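Following: one structure in structure tokens, then a few remarks.
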Amino acid sequence: MHQLPVFLNLAGRTVVLVGEGEAADAKARLIARAGGRIVASWEVGATIAFVALDDGTEARAAADALRARGLLVNVVDRPDLCDFTTPAIVDRAPVTIAIGTGGASAGLAKAIRQRIEALLPTRLGALASALHAARGAMKARWPDAAGRRRAIDAALAPGGALDPLDGDAADKVDGWLADETPASPSRLETIRLTSADPDDLTLRAARLLGEADHVFHPPTVAPAILDRARADAVRYVADAPPANPPAGLSLWLMPPRTE
């Protein structure tokens, strides 16, 4: 990654905005949506700042002065002067999806946002809220954290009981919790890799890596491939798939064929 994506709580916090015009107005709307308090110059308590000035010399000077105060600064349309950039946003509150290009192309980020906007149902946020409200019920139903995570993963999988692309999924949480059908205790899937490049992963392989609880692989599998697995998946260096896979979803990664 060229940048660390984070979500910053701005509600009630002071944000410096220097500049006027359309670019400044756009940043002001963004700050206001996040609940920030806008000021035109540095104040005690401010931690981030936006600079929207057309003149490059003035923009740099303003950014340097704010940075000297300890603020992180975003300079509109000048990524080389930025401590952080603002992404294109898909808002399904409380679900927020951010698409960033590190300042390389705002147009590309916008195009990706529009594709995702068309894909996600408007009530996706309602599903997130329903799952949050059901946390106590989920812990009671699945006391073991690993079992609970597997149940949630299965429900949220494509075609699952709570498929996020189902616009009515938020209304099905109670029924899912009441369903006594036991989840499969263990499952082993094999992925035949075609190269060391993660961009060559099939959609199925990428999805399985994102869902896996355990990843078994020979030492020759490229680290870039393993980086696509979920962060908390347990990795095992092995010469063969497990005879008795542990509970949850296990993957066996077969290295690319060599001629």
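Here's how to read the names in the structure tokens: chain A, B, ... by the order shown, residue numbers from 1 in each chain, ligand numbers from 1 in the order shown.
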
List the spatial neighbours of Ala206 of chain A as a short mmCIF file (atom, residue, chain, number, x, y, z; two decimals) with C-alpha atoms, in the first residue's frame - criterion: any atom at most 12 Å away, only C-alpha atoms, same-chain residues fewer than 3 positions off excluded.
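Saved result, around.cif, follows:
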data_model
loop_
_atom_site.label_atom_id
_atom_site.label_comp_id
_atom_site.auth_asym_id
_atom_site.auth_seq_id
_atom_site.Cartn_x
_atom_site.Cartn_y
_atom_site.Cartn_z
CA ILE A 191 -6.82 -23.60 -5.14
CA ARG A 192 -4.50 -24.26 -8.07
CA LEU A 193 -2.44 -21.10 -8.52
CA PRO A 198 -2.23 -12.04 -7.13
CA ASP A 199 -3.91 -10.26 -10.05
CA ASP A 200 -4.13 -13.65 -11.76
CA LEU A 201 -6.32 -15.11 -9.00
CA THR A 202 -9.76 -16.15 -10.14
CA LEU A 203 -12.76 -14.50 -8.51
CA LEU A 209 -8.78 -16.39 0.44
CA GLY A 210 -10.86 -13.61 1.94
CA GLU A 211 -13.02 -16.11 3.84
CA ALA A 212 -10.49 -18.74 4.92
CA ILE A 225 -0.61 -14.40 -2.80
CA LEU A 226 -0.68 -15.04 0.95
CA ASP A 227 -1.25 -11.32 1.54
CA ARG A 228 -4.66 -11.73 -0.12
CA ALA A 229 -5.83 -14.07 2.65
CA ARG A 230 -7.76 -12.58 5.54
CA LEU A 251 -7.45 -23.84 1.88
CA LEU A 253 -2.76 -23.65 -2.20
#

* Using only C-alpha atoms, determine which residues lie at most 10 Å from Ser129 of chain A, disregarding the query and same-chain residues fewer than 5 positions distant; provide the list as a PyMOL selection string. => chain A and resi 93-95+123-124+134+170

Would you put the residues from that selection into a file with N, CA and C atoms, as a JSON list (two decimals), in the first residue's frame?
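Saved file selection_13.json follows:
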[["chain", "number", "residue", "atom", "x", "y", "z"],
["A", 93, "ALA", "N", -24.45, 4.57, 5.40],
["A", 93, "ALA", "CA", -24.26, 4.67, 6.85],
["A", 93, "ALA", "C", -25.08, 3.63, 7.60],
["A", 94, "PRO", "N", -24.42, 2.95, 8.56],
["A", 94, "PRO", "CA", -23.06, 3.16, 9.06],
["A", 94, "PRO", "C", -21.96, 2.50, 8.23],
["A", 95, "VAL", "N", -22.29, 1.95, 7.07],
["A", 95, "VAL", "CA", -21.27, 1.38, 6.19],
["A", 95, "VAL", "C", -20.70, 2.50, 5.31],
["A", 123, "ARG", "N", -30.23, -0.26, 1.40],
["A", 123, "ARG", "CA", -30.46, -0.66, 2.79],
["A", 123, "ARG", "C", -29.30, -1.47, 3.36],
["A", 124, "LEU", "N", -28.14, -1.37, 2.74],
["A", 124, "LEU", "CA", -26.98, -2.08, 3.29],
["A", 124, "LEU", "C", -26.67, -1.60, 4.71],
["A", 134, "ALA", "N", -27.89, -7.17, 17.09],
["A", 134, "ALA", "CA", -28.02, -8.60, 17.39],
["A", 134, "ALA", "C", -26.76, -9.19, 18.00],
["A", 170, "ALA", "N", -31.61, -7.06, 5.82],
["A", 170, "ALA", "CA", -31.77, -6.51, 7.17],
["A", 170, "ALA", "C", -32.98, -7.08, 7.89]]

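Here atom CA of His217 of chain A is placed at a distance of 13.2 Å from atom CA of Pro245 of chain A.
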
* Per-residue DSSP, segment 171-222 of chain A, filtered to strand (DSSP E), as an MDAnalysis selection string -> chainID A and resid 186:192 214:217

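Using only C-alpha atoms, the smallest distance between any of A:Ala34, A:Ala224, A:Leu8, A:Ile99 and Ile116 of chain A comes from A:Ile99.
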
* To do: Could you jot down the atom CA of Pro5 of chain A to atom CA of Glu20 of chain A separation for me, Å, one decimal place?
  => 27.3 Å
